[in-house]
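K.L.:
Got work_22.pdb for you, PDB, C-alpha atoms:
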```
ATOM      1  CA  MET A  23       6.650  10.370 -31.062  1.00  0.00           C
ATOM      2  CA  SER A  24       5.465   8.575 -27.994  1.00  0.00           C
ATOM      3  CA  LYS A  25       1.770   7.942 -27.599  1.00  0.00           C
ATOM      4  CA  TYR A  26      -0.066   7.701 -24.303  1.00  0.00           C
ATOM      5  CA  ILE A  27      -3.172   5.586 -23.829  1.00  0.00           C
ATOM      6  CA  ASP A  28      -5.684   5.142 -21.025  1.00  0.00           C
ATOM      7  CA  LEU A  29      -5.063   2.268 -18.660  1.00  0.00           C
ATOM      8  CA  PRO A  30      -7.274  -0.670 -19.670  1.00  0.00           C
ATOM      9  CA  LYS A  31      -7.884  -1.712 -16.048  1.00  0.00           C
ATOM     10  CA  ILE A  32      -6.724  -1.222 -12.493  1.00  0.00           C
ATOM     11  CA  ASN A  33      -4.966  -3.989 -10.590  1.00  0.00           C
ATOM     12  CA  PRO A  34      -5.273  -5.157  -7.004  1.00  0.00           C
ATOM     13  CA  VAL A  35      -2.381  -4.281  -4.699  1.00  0.00           C
ATOM     14  CA  THR A  36       0.448  -6.790  -5.140  1.00  0.00           C
ATOM     15  CA  HIS A  37       3.216  -7.668  -2.706  1.00  0.00           C
ATOM     16  CA  VAL A  38       6.537  -9.453  -3.112  1.00  0.00           C
ATOM     17  CA  GLU A  39       8.371 -11.552  -0.577  1.00  0.00           C
ATOM     18  CA  ASP A  40      11.856 -10.090  -0.862  1.00  0.00           C
ATOM     19  CA  PRO A  41      14.016  -9.964   2.284  1.00  0.00           C
ATOM     20  CA  ARG A  42      15.715  -6.798   0.959  1.00  0.00           C
ATOM     21  CA  LEU A  43      12.412  -4.895   0.933  1.00  0.00           C
ATOM     22  CA  PRO A  44      10.209  -4.230   3.966  1.00  0.00           C
ATOM     23  CA  HIS A  45       6.535  -5.191   3.644  1.00  0.00           C
ATOM     24  CA  ASN A  46       4.539  -2.094   2.757  1.00  0.00           C
ATOM     25  CA  LYS A  47       0.768  -1.693   2.568  1.00  0.00           C
ATOM     26  CA  TRP A  48       0.296   2.050   3.009  1.00  0.00           C
ATOM     27  CA  CYS A  49      -1.738   4.028   0.496  1.00  0.00           C
ATOM     28  CA  GLY A  50       1.026   5.889  -1.433  1.00  0.00           C
ATOM     29  CA  PRO A  51       2.959   2.786  -2.565  1.00  0.00           C
ATOM     30  CA  ALA A  52      -0.344   0.915  -2.898  1.00  0.00           C
ATOM     31  CA  ALA A  53      -1.633   3.521  -5.380  1.00  0.00           C
ATOM     32  CA  VAL A  54       1.492   3.104  -7.519  1.00  0.00           C
ATOM     33  CA  SER A  55       1.058  -0.687  -7.295  1.00  0.00           C
ATOM     34  CA  ILE A  56      -2.592  -0.465  -8.365  1.00  0.00           C
ATOM     35  CA  LEU A  57      -1.805   1.697 -11.392  1.00  0.00           C
ATOM     36  CA  THR A  58       1.333  -0.083 -12.595  1.00  0.00           C
ATOM     37  CA  GLY A  59       0.959  -3.651 -11.331  1.00  0.00           C
ATOM     38  CA  MET A  60       4.379  -3.497  -9.656  1.00  0.00           C
ATOM     39  CA  PRO A  61       4.626  -4.779  -6.062  1.00  0.00           C
ATOM     40  CA  ALA A  62       3.951  -2.168  -3.380  1.00  0.00           C
ATOM     41  CA  GLU A  63       7.394  -2.819  -1.883  1.00  0.00           C
ATOM     42  CA  LEU A  64       9.068  -1.888  -5.180  1.00  0.00           C
ATOM     43  CA  ALA A  65       6.912   1.239  -5.409  1.00  0.00           C
ATOM     44  CA  ALA A  66       7.960   2.126  -1.856  1.00  0.00           C
ATOM     45  CA  GLU A  67      11.602   1.756  -2.883  1.00  0.00           C
ATOM     46  CA  TRP A  68      11.050   4.192  -5.782  1.00  0.00           C
ATOM     47  CA  ILE A  69       9.588   6.655  -3.258  1.00  0.00           C
ATOM     48  CA  ARG A  70      12.552   6.113  -0.916  1.00  0.00           C
ATOM     49  CA  ILE A  71      14.919   6.934  -3.797  1.00  0.00           C
ATOM     50  CA  ARG A  72      12.929  10.133  -4.441  1.00  0.00           C
ATOM     51  CA  ARG A  73      13.367  11.007  -0.763  1.00  0.00           C
ATOM     52  CA  GLY A  74      17.079  10.183  -0.843  1.00  0.00           C
ATOM     53  CA  LYS A  75      16.650   7.421   1.748  1.00  0.00           C
ATOM     54  CA  SER A  76      17.265   4.326  -0.345  1.00  0.00           C
ATOM     55  CA  GLY A  77      18.399   1.283   1.578  1.00  0.00           C
ATOM     56  CA  THR A  78      16.382   1.918   4.730  1.00  0.00           C
ATOM     57  CA  THR A  79      14.320  -0.925   6.122  1.00  0.00           C
ATOM     58  CA  LYS A  80      11.357   1.134   7.312  1.00  0.00           C
ATOM     59  CA  GLY A  81       8.032   1.124   5.492  1.00  0.00           C
ATOM     60  CA  ILE A  82       6.739   4.238   3.749  1.00  0.00           C
ATOM     61  CA  ARG A  83       3.945   5.715   5.869  1.00  0.00           C
ATOM     62  CA  GLY A  84       3.153   9.201   4.644  1.00  0.00           C
ATOM     63  CA  THR A  85       3.730  10.254   1.061  1.00  0.00           C
ATOM     64  CA  SER A  86       3.381  13.614  -0.587  1.00  0.00           C
ATOM     65  CA  TYR A  87       1.676  13.931  -3.942  1.00  0.00           C
ATOM     66  CA  SER A  88       5.005  14.837  -5.575  1.00  0.00           C
ATOM     67  CA  GLU A  89       6.553  11.545  -4.387  1.00  0.00           C
ATOM     68  CA  VAL A  90       3.657   9.459  -5.715  1.00  0.00           C
ATOM     69  CA  THR A  91       3.484  11.276  -9.050  1.00  0.00           C
ATOM     70  CA  SER A  92       7.263  11.089  -9.550  1.00  0.00           C
ATOM     71  CA  ALA A  93       7.164   7.321  -8.918  1.00  0.00           C
ATOM     72  CA  LEU A  94       4.371   7.041 -11.498  1.00  0.00           C
ATOM     73  CA  ALA A  95       6.328   9.171 -13.973  1.00  0.00           C
ATOM     74  CA  ALA A  96       9.370   6.902 -13.486  1.00  0.00           C
ATOM     75  CA  ALA A  97       7.090   3.965 -14.298  1.00  0.00           C
ATOM     76  CA  GLY A  98       6.108   5.496 -17.652  1.00  0.00           C
ATOM     77  CA  CYS A  99       2.839   7.194 -16.682  1.00  0.00           C
ATOM     78  CA  ARG A 100       1.594  10.570 -17.783  1.00  0.00           C
ATOM     79  CA  ILE A 101      -0.092  12.594 -15.058  1.00  0.00           C
ATOM     80  CA  TRP A 102      -2.500  15.519 -15.484  1.00  0.00           C
ATOM     81  CA  THR A 103      -3.901  17.588 -12.675  1.00  0.00           C
ATOM     82  CA  CYS A 104      -7.672  17.702 -13.068  1.00  0.00           C
ATOM     83  CA  GLY A 105      -9.958  20.469 -11.966  1.00  0.00           C
ATOM     84  CA  PHE A 106     -12.573  19.710  -9.342  1.00  0.00           C
ATOM     85  CA  GLU A 107     -14.972  21.600  -7.157  1.00  0.00           C
ATOM     86  CA  PRO A 108     -13.254  22.436  -3.879  1.00  0.00           C
ATOM     87  CA  ASN A 109     -14.670  21.270  -0.561  1.00  0.00           C
ATOM     88  CA  LYS A 110     -16.735  18.488  -2.132  1.00  0.00           C
ATOM     89  CA  THR A 111     -16.819  14.881  -0.982  1.00  0.00           C
ATOM     90  CA  LEU A 112     -15.557  11.834  -2.864  1.00  0.00           C
ATOM     91  CA  THR A 113     -19.176  10.765  -3.449  1.00  0.00           C
ATOM     92  CA  HIS A 114     -19.943  14.121  -5.098  1.00  0.00           C
ATOM     93  CA  TRP A 115     -16.828  13.884  -7.299  1.00  0.00           C
ATOM     94  CA  LEU A 116     -17.641  10.285  -8.330  1.00  0.00           C
ATOM     95  CA  LYS A 117     -20.990  11.404  -9.759  1.00  0.00           C
ATOM     96  CA  ARG A 118     -19.421  14.070 -12.007  1.00  0.00           C
ATOM     97  CA  ARG A 119     -16.348  12.376 -13.503  1.00  0.00           C
ATOM     98  CA  ASN A 120     -15.488  10.830 -16.872  1.00  0.00           C
ATOM     99  CA  ARG A 121     -16.033   7.094 -16.347  1.00  0.00           C
ATOM    100  CA  LYS A 122     -13.705   6.093 -19.216  1.00  0.00           C
ATOM    101  CA  ALA A 123     -10.602   7.666 -17.663  1.00  0.00           C
ATOM    102  CA  THR A 124      -8.357   6.452 -14.843  1.00  0.00           C
ATOM    103  CA  TYR A 125      -7.935   8.773 -11.871  1.00  0.00           C
ATOM    104  CA  LEU A 126      -5.773   8.985  -8.791  1.00  0.00           C
ATOM    105  CA  VAL A 127      -7.731  10.838  -6.113  1.00  0.00           C
ATOM    106  CA  GLU A 128      -6.386  12.244  -2.861  1.00  0.00           C
ATOM    107  CA  ALA A 129      -9.313  12.401  -0.457  1.00  0.00           C
ATOM    108  CA  GLY A 130      -9.020  12.682   3.300  1.00  0.00           C
ATOM    109  CA  ASP A 131      -5.200  12.255   3.219  1.00  0.00           C
ATOM    110  CA  HIS A 132      -5.655   8.929   1.409  1.00  0.00           C
ATOM    111  CA  TYR A 133      -4.984   7.855  -2.203  1.00  0.00           C
ATOM    112  CA  ILE A 134      -7.729   6.060  -4.139  1.00  0.00           C
ATOM    113  CA  VAL A 135      -7.546   4.846  -7.753  1.00  0.00           C
ATOM    114  CA  VAL A 136     -10.812   5.036  -9.744  1.00  0.00           C
ATOM    115  CA  ARG A 137     -11.604   3.665 -13.218  1.00  0.00           C
ATOM    116  CA  GLY A 138     -15.151   3.245 -14.507  1.00  0.00           C
ATOM    117  CA  ASN A 139     -17.313   1.903 -11.689  1.00  0.00           C
ATOM    118  CA  LYS A 140     -14.351   0.231  -9.965  1.00  0.00           C
ATOM    119  CA  ALA A 141     -11.955   1.560  -7.363  1.00  0.00           C
ATOM    120  CA  CYS A 142      -9.054   0.274  -5.287  1.00  0.00           C
ATOM    121  CA  CYS A 143      -6.990   1.624  -2.419  1.00  0.00           C
ATOM    122  CA  GLY A 144      -4.455   0.437   0.143  1.00  0.00           C
ATOM    123  CA  LYS A 145      -7.161  -0.077   2.788  1.00  0.00           C
ATOM    124  CA  VAL A 146      -9.144  -2.511   0.641  1.00  0.00           C
ATOM    125  CA  GLY A 147      -6.358  -4.029  -1.472  1.00  0.00           C
ATOM    126  CA  GLU A 148      -8.807  -5.470  -4.013  1.00  0.00           C
ATOM    127  CA  VAL A 149     -10.693  -3.897  -6.897  1.00  0.00           C
ATOM    128  CA  VAL A 150     -14.230  -3.191  -5.651  1.00  0.00           C
ATOM    129  CA  SER A 151     -17.256  -1.154  -6.675  1.00  0.00           C
ATOM    130  CA  VAL A 152     -16.987   2.586  -6.073  1.00  0.00           C
ATOM    131  CA  ARG A 153     -19.947   2.182  -3.725  1.00  0.00           C
ATOM    132  CA  LYS A 154     -17.890  -0.025  -1.401  1.00  0.00           C
ATOM    133  CA  ILE A 155     -14.749   2.094  -1.227  1.00  0.00           C
ATOM    134  CA  PRO A 156     -14.043   3.511   2.262  1.00  0.00           C
ATOM    135  CA  GLY A 157     -13.877   7.256   2.821  1.00  0.00           C
ATOM    136  CA  ARG A 158     -16.676   8.326   0.491  1.00  0.00           C
ATOM    137  CA  ARG A 159     -17.466  11.256   2.806  1.00  0.00           C
ATOM    138  CA  ALA A 160     -13.868  12.485   2.766  1.00  0.00           C
ATOM    139  CA  ARG A 161     -13.132  15.826   1.109  1.00  0.00           C
ATOM    140  CA  VAL A 162     -11.279  15.628  -2.204  1.00  0.00           C
ATOM    141  CA  ASN A 163      -7.915  17.426  -2.029  1.00  0.00           C
ATOM    142  CA  ARG A 164      -6.453  16.639  -5.473  1.00  0.00           C
ATOM    143  CA  VAL A 165      -7.339  14.664  -8.610  1.00  0.00           C
ATOM    144  CA  TRP A 166      -4.990  13.420 -11.342  1.00  0.00           C
ATOM    145  CA  ARG A 167      -5.790  11.670 -14.609  1.00  0.00           C
ATOM    146  CA  ILE A 168      -3.315   8.873 -15.351  1.00  0.00           C
ATOM    147  CA  GLN A 169      -2.284   7.423 -18.707  1.00  0.00           C
ATOM    148  CA  LYS A 170       0.504   5.024 -19.645  1.00  0.00           C
ATOM    149  CA  LEU A 171       3.009   5.064 -22.464  1.00  0.00           C
ATOM    150  CA  SER A 172       1.782   2.929 -25.366  1.00  0.00           C
ATOM    151  CA  GLY A 173       3.731  -0.334 -25.630  1.00  0.00           C
ATOM    152  CA  TYR A 174       5.392   0.176 -22.245  1.00  0.00           C
ATOM    153  CA  LYS A 175       5.220  -2.843 -19.988  1.00  0.00           C
ATOM    154  CA  PHE A 176       5.340  -2.150 -16.292  1.00  0.00           C
ATOM    155  CA  LYS A 177       6.804  -5.639 -15.797  1.00  0.00           C
ATOM    156  CA  ASP A 178      10.049  -4.384 -17.364  1.00  0.00           C
ATOM    157  CA  LEU A 179      10.774  -2.271 -14.295  1.00  0.00           C
ATOM    158  CA  ALA A 180      13.690  -3.591 -12.307  1.00  0.00           C
ATOM    159  CA  LEU A 181      14.453  -3.112  -8.664  1.00  0.00           C
ATOM    160  CA  PRO A 182      16.249   0.223  -8.376  1.00  0.00           C
ATOM    161  CA  THR A 183      19.833   0.012  -7.266  1.00  0.00           C
ATOM    162  CA  ARG A 184      20.134   0.180  -3.535  1.00  0.00           C
ATOM    163  CA  HIS A 185      22.741   2.482  -2.101  1.00  0.00           C
ATOM    164  CA  LYS A 186      24.365   2.241   1.275  1.00  0.00           C
ATOM    165  CA  LYS A 187      26.008   4.949   3.293  1.00  0.00           C
ATOM    166  CA  VAL A 188      29.779   4.688   3.580  1.00  0.00           C
ATOM    167  CA  TRP A 189      31.997   6.965   5.682  1.00  0.00           C
ATOM    168  CA  ASP A 190      34.616   8.718   3.568  1.00  0.00           C
ATOM    169  CA  GLU A 191      37.743   9.175   5.709  1.00  0.00           C
ATOM    170  CA  LYS A 192      39.381  11.723   3.387  1.00  0.00           C
ATOM    171  CA  LYS A 193      36.409  14.072   3.122  1.00  0.00           C
ATOM    172  CA  GLN A 194      35.049  13.275   6.586  1.00  0.00           C
ATOM    173  CA  HIS A 195      31.416  12.814   5.525  1.00  0.00           C
ATOM    174  CA  TRP A 196      28.962  10.129   4.448  1.00  0.00           C
ATOM    175  CA  LYS A 197      28.616   9.211   0.778  1.00  0.00           C
ATOM    176  CA  LEU A 198      26.278   6.882  -1.087  1.00  0.00           C
ATOM    177  CA  GLN A 199      27.771   3.791  -2.659  1.00  0.00           C
ATOM    178  CA  ALA A 200      25.962   1.350  -4.986  1.00  0.00           C
TER     179      ALA A 200
END
```
Do you think you could lay out the structure here as C-alpha coordinates?

P.N.:
Amino acid sequence: MSKYIDLPKINPVTHVEDPRLPHNKWCGPAAVSILTGMPAELAAEWIRIRRGKSGTTKGIRGTSYSEVTSALAAAGCRIWTCGFEPNKTLTHWLKRRNRKATYLVEAGDHYIVVRGNKACCGKVGEVVSVRKIPGRRARVNRVWRIQKLSGYKFKDLALPTRHKKVWDEKKQHWKLQA
(Lines of atoms letter the chains of each structure in order from A and count residues from 1; the text may use other names and numbers.)
(Lines give C-alpha, C1' and ligand atoms only; values in the text may rest on other atoms or scores of the structure.)
Protein backbone atom coordinates (compact mmCIF):
# COMPACT_ATOMS: atom_id res chain seq x y z
CA MET A 1 0.00 0.00 0.00
CA SER A 2 1.43 3.32 -0.97
CA LYS A 3 1.60 6.04 1.63
CA TYR A 4 1.39 9.75 0.94
CA ILE A 5 3.09 12.35 3.11
CA ASP A 6 3.05 16.13 3.26
CA LEU A 7 5.80 17.92 1.41
CA PRO A 8 8.52 18.92 3.89
CA LYS A 9 9.24 22.20 2.08
CA ILE A 10 8.65 24.13 -1.11
CA ASN A 11 11.47 24.82 -3.55
CA PRO A 12 12.34 27.91 -5.55
CA VAL A 13 11.66 27.73 -9.29
CA THR A 14 14.51 25.93 -11.05
CA HIS A 15 15.54 26.15 -14.69
CA VAL A 16 17.73 23.97 -16.89
CA GLU A 17 19.85 25.02 -19.83
CA ASP A 18 18.83 22.41 -22.38
CA PRO A 19 18.74 23.44 -26.06
CA ARG A 20 15.90 20.95 -26.66
CA LEU A 21 13.63 22.77 -24.20
CA PRO A 22 12.50 26.40 -24.49
CA HIS A 23 13.04 28.59 -21.42
CA ASN A 24 9.80 28.78 -19.47
CA LYS A 25 8.97 30.97 -16.48
CA TRP A 26 5.18 31.13 -16.58
CA CYS A 27 3.15 30.24 -13.50
CA GLY A 28 1.76 26.78 -14.47
CA PRO A 29 5.14 25.09 -15.08
CA ALA A 30 6.63 27.16 -12.25
CA ALA A 31 4.06 25.74 -9.79
CA VAL A 32 4.99 22.19 -10.80
CA SER A 33 8.68 23.11 -10.43
CA ILE A 34 8.10 24.57 -6.96
CA LEU A 35 6.26 21.49 -5.72
CA THR A 36 8.47 18.81 -7.27
CA GLY A 37 11.88 20.47 -7.63
CA MET A 38 12.02 19.57 -11.33
CA PRO A 39 13.07 22.33 -13.76
CA ALA A 40 10.22 24.47 -15.08
CA GLU A 41 11.17 23.52 -18.65
CA LEU A 42 10.67 19.82 -17.86
CA ALA A 43 7.33 20.61 -16.21
CA ALA A 44 6.34 22.55 -19.34
CA GLU A 45 7.20 19.51 -21.45
CA TRP A 46 4.92 17.34 -19.28
CA ILE A 47 2.14 19.88 -19.90
CA ARG A 48 2.86 19.86 -23.64
CA ILE A 49 2.52 16.06 -23.65
CA ARG A 50 -0.84 16.42 -21.86
CA ARG A 51 -1.90 18.84 -24.60
CA GLY A 52 -0.64 16.54 -27.35
CA LYS A 53 1.87 19.14 -28.55
CA SER A 54 5.15 17.55 -27.54
CA GLY A 55 8.17 18.69 -29.49
CA THR A 56 7.09 22.30 -30.00
CA THR A 57 9.56 25.03 -29.18
CA LYS A 58 7.10 27.54 -27.77
CA GLY A 59 6.84 28.25 -24.05
CA ILE A 60 3.72 27.34 -22.09
CA ARG A 61 1.78 30.54 -21.38
CA GLY A 62 -1.68 29.66 -20.15
CA THR A 63 -2.41 26.42 -18.35
CA SER A 64 -5.67 24.95 -17.18
CA TYR A 65 -5.96 23.42 -13.74
CA SER A 66 -6.35 19.96 -15.29
CA GLU A 67 -2.99 20.31 -17.08
CA VAL A 68 -1.17 21.39 -13.91
CA THR A 69 -2.77 18.71 -11.73
CA SER A 70 -2.10 15.97 -14.29
CA ALA A 71 1.58 16.99 -14.44
CA LEU A 72 1.70 16.82 -10.64
CA ALA A 73 -0.01 13.42 -10.65
CA ALA A 74 2.56 12.16 -13.19
CA ALA A 75 5.26 13.36 -10.78
CA GLY A 76 3.85 11.22 -7.95
CA CYS A 77 1.72 13.81 -6.15
CA ARG A 78 -1.70 13.32 -4.65
CA ILE A 79 -4.09 16.21 -5.20
CA TRP A 80 -7.24 17.03 -3.22
CA THR A 81 -9.64 19.80 -4.04
CA CYS A 82 -10.17 21.87 -0.91
CA GLY A 83 -13.26 23.80 0.01
CA PHE A 84 -12.99 27.56 0.37
CA GLU A 85 -15.30 30.51 0.72
CA PRO A 86 -16.15 31.82 -2.74
CA ASN A 87 -15.38 35.40 -3.73
CA LYS A 88 -12.76 35.86 -1.01
CA THR A 89 -9.28 37.25 -1.51
CA LEU A 90 -5.98 35.40 -1.13
CA THR A 91 -5.31 37.38 2.07
CA HIS A 92 -8.61 36.17 3.56
CA TRP A 93 -7.86 32.55 2.59
CA LEU A 94 -4.32 32.74 4.04
CA LYS A 95 -5.73 33.62 7.47
CA ARG A 96 -8.03 30.57 7.59
CA ARG A 97 -5.89 27.70 6.27
CA ASN A 98 -4.03 24.78 7.84
CA ARG A 99 -0.43 26.00 8.10
CA LYS A 100 1.04 22.46 8.20
CA ALA A 101 -0.26 21.49 4.76
CA THR A 102 1.01 22.38 1.29
CA TYR A 103 -1.44 24.09 -1.05
CA LEU A 104 -1.60 25.05 -4.69
CA VAL A 105 -3.85 28.10 -4.99
CA GLU A 106 -5.31 29.56 -8.18
CA ALA A 107 -5.97 33.23 -7.48
CA GLY A 108 -6.47 35.88 -10.13
CA ASP A 109 -5.59 33.46 -12.98
CA HIS A 110 -2.23 32.78 -11.32
CA TYR A 111 -0.84 29.74 -9.46
CA ILE A 112 0.75 30.22 -6.04
CA VAL A 113 2.22 27.49 -3.80
CA VAL A 114 1.78 28.01 -0.03
CA ARG A 115 3.28 26.03 2.86
CA GLY A 116 3.37 27.34 6.43
CA ASN A 117 4.25 31.03 6.34
CA LYS A 118 6.14 30.69 3.05
CA ALA A 119 4.93 31.00 -0.52
CA CYS A 120 6.40 30.92 -4.01
CA CYS A 121 5.11 31.63 -7.50
CA GLY A 122 6.41 32.14 -11.03
CA LYS A 123 6.42 35.94 -10.62
CA VAL A 124 8.75 35.86 -7.61
CA GLY A 125 10.72 32.68 -8.32
CA GLU A 126 12.03 32.47 -4.75
CA VAL A 127 10.45 31.25 -1.53
CA VAL A 128 9.25 34.35 0.35
CA SER A 129 6.94 35.22 3.23
CA VAL A 130 3.23 35.03 2.46
CA ARG A 131 3.12 38.75 3.24
CA LYS A 132 5.39 39.51 0.28
CA ILE A 133 3.65 37.39 -2.34
CA PRO A 134 2.09 39.43 -5.18
CA GLY A 135 -1.64 39.27 -5.84
CA ARG A 136 -2.87 39.12 -2.26
CA ARG A 137 -6.02 41.02 -3.27
CA ALA A 138 -6.81 38.56 -6.06
CA ARG A 139 -9.92 36.40 -5.72
CA VAL A 140 -9.28 32.72 -5.01
CA ASN A 141 -10.68 30.50 -7.78
CA ARG A 142 -9.49 27.04 -6.66
CA VAL A 143 -7.43 25.46 -3.87
CA TRP A 144 -5.73 22.04 -3.87
CA ARG A 145 -3.87 20.27 -1.08
CA ILE A 146 -0.76 18.50 -2.36
CA GLN A 147 1.03 15.47 -0.94
CA LYS A 148 3.80 13.29 -2.36
CA LEU A 149 4.24 9.55 -2.47
CA SER A 150 6.41 8.38 0.43
CA GLY A 151 9.89 7.36 -0.74
CA TYR A 152 9.35 8.84 -4.21
CA LYS A 153 12.17 11.06 -5.38
CA PHE A 154 11.24 13.72 -7.87
CA LYS A 155 14.84 13.62 -9.15
CA ASP A 156 14.09 10.21 -10.69
CA LEU A 157 11.87 11.83 -13.31
CA ALA A 158 13.39 11.67 -16.76
CA LEU A 159 12.75 13.91 -19.70
CA PRO A 160 9.64 12.58 -21.42
CA THR A 161 10.20 11.19 -24.86
CA ARG A 162 9.81 13.83 -27.49
CA HIS A 163 7.74 12.98 -30.52
CA LYS A 164 7.94 14.57 -33.92
CA LYS A 165 5.31 14.73 -36.60
CA VAL A 166 6.00 12.60 -39.66
CA TRP A 167 3.86 12.51 -42.81
CA ASP A 168 2.58 9.02 -43.54
CA GLU A 169 2.34 8.62 -47.33
CA LYS A 170 0.17 5.49 -47.22
CA LYS A 171 -2.49 6.86 -44.88
CA GLN A 172 -2.09 10.47 -46.02
CA HIS A 173 -1.99 12.02 -42.54
CA TRP A 174 0.45 13.08 -39.84
CA LYS A 175 1.57 10.61 -37.18
CA LEU A 176 3.73 10.96 -34.09
CA GLN A 177 7.07 9.21 -34.08
CA ALA A 178 9.44 8.89 -31.08

K.L.:
Nearest residue to A:Lys170 out of A:Arg100, A:Arg72, A:Arg119, A:Lys31, using all atoms listed in the file?

P.N.:
A:Arg100

K.L.:
May I ask for the distance between atom CA of A:Ala65 and atom CA of A:Pro51, given in Å to one decimal place?

P.N.:
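Separation between atom CA of A:Ala65 and atom CA of A:Pro51: 5.1 Å.
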
K.L.:
Applied to the shown file, which residues does the PyMOL selection byres ((chain A and resi 128) around 9) return, written as a list in words?

P.N.:
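Checked against the file, the PyMOL selection byres ((chain A and resi 128) around 9) matches Tyr87, Leu126, Val127, Ala129, Gly130, Asp131, His132, Tyr133, Ile134, Val135, Arg161, Val162, Asn163, Arg164, Val165 and Trp166 of chain A.
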
K.L.:
For the atom pair atom CA of A:Trp115 and atom CA of A:Ala53, what is the interatomic distance in Å to one decimal place?

P.N.:
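About the pair atom CA of A:Trp115 and atom CA of A:Ala53: they are 18.5 Å apart.
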
K.L.:
If the PyMOL selection byres ((chain A and resi 154) around 12) were run on this exact file, what residues would it hold? Put them as a ChimeraX atom specification.

P.N.:
/A:113,139-143,145-146,148-153,155-158

K.L.:
Can you translate the PyMOL selection byres ((chain A and resi 57) around 10) into the concrete residues it hits in this file, as a list of chain:residue names?

P.N.:
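Here the PyMOL selection byres ((chain A and resi 57) around 10) matches A:Leu29, A:Lys31, A:Ile32, A:Asn33, A:Pro34, A:Val35, A:Ala52, A:Ala53, A:Val54, A:Ser55, A:Ile56, A:Thr58, A:Gly59, A:Met60, A:Leu94, A:Ala97, A:Cys99, A:Thr124, A:Tyr125, A:Leu126, A:Val135, A:Val136, A:Cys142, A:Ile168, A:Gln169, A:Lys170, A:Phe176.
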
K.L.:
Figure out the distance between atom CA of A:Gly84 and atom CA of A:Thr103, please, to one decimal in Å.

P.N.:
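Spanning atom CA of A:Thr103 to atom CA of A:Gly84 is a straight-line distance of 20.5 Å.
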
K.L.:
Could you work out an axis-aligned bounding box for all listed atoms of stretch 53-70 of chain A, with 5 Å added on each of the six sides, and give its centre and edge lengths in Å to one decimal, as AutoDock Vina command-line options?

P.N.:
```
--center_x 5.0 --center_y 0.9 --center_z -6.8 --size_x 25.1 --size_y 21.4 --size_z 21.7
```
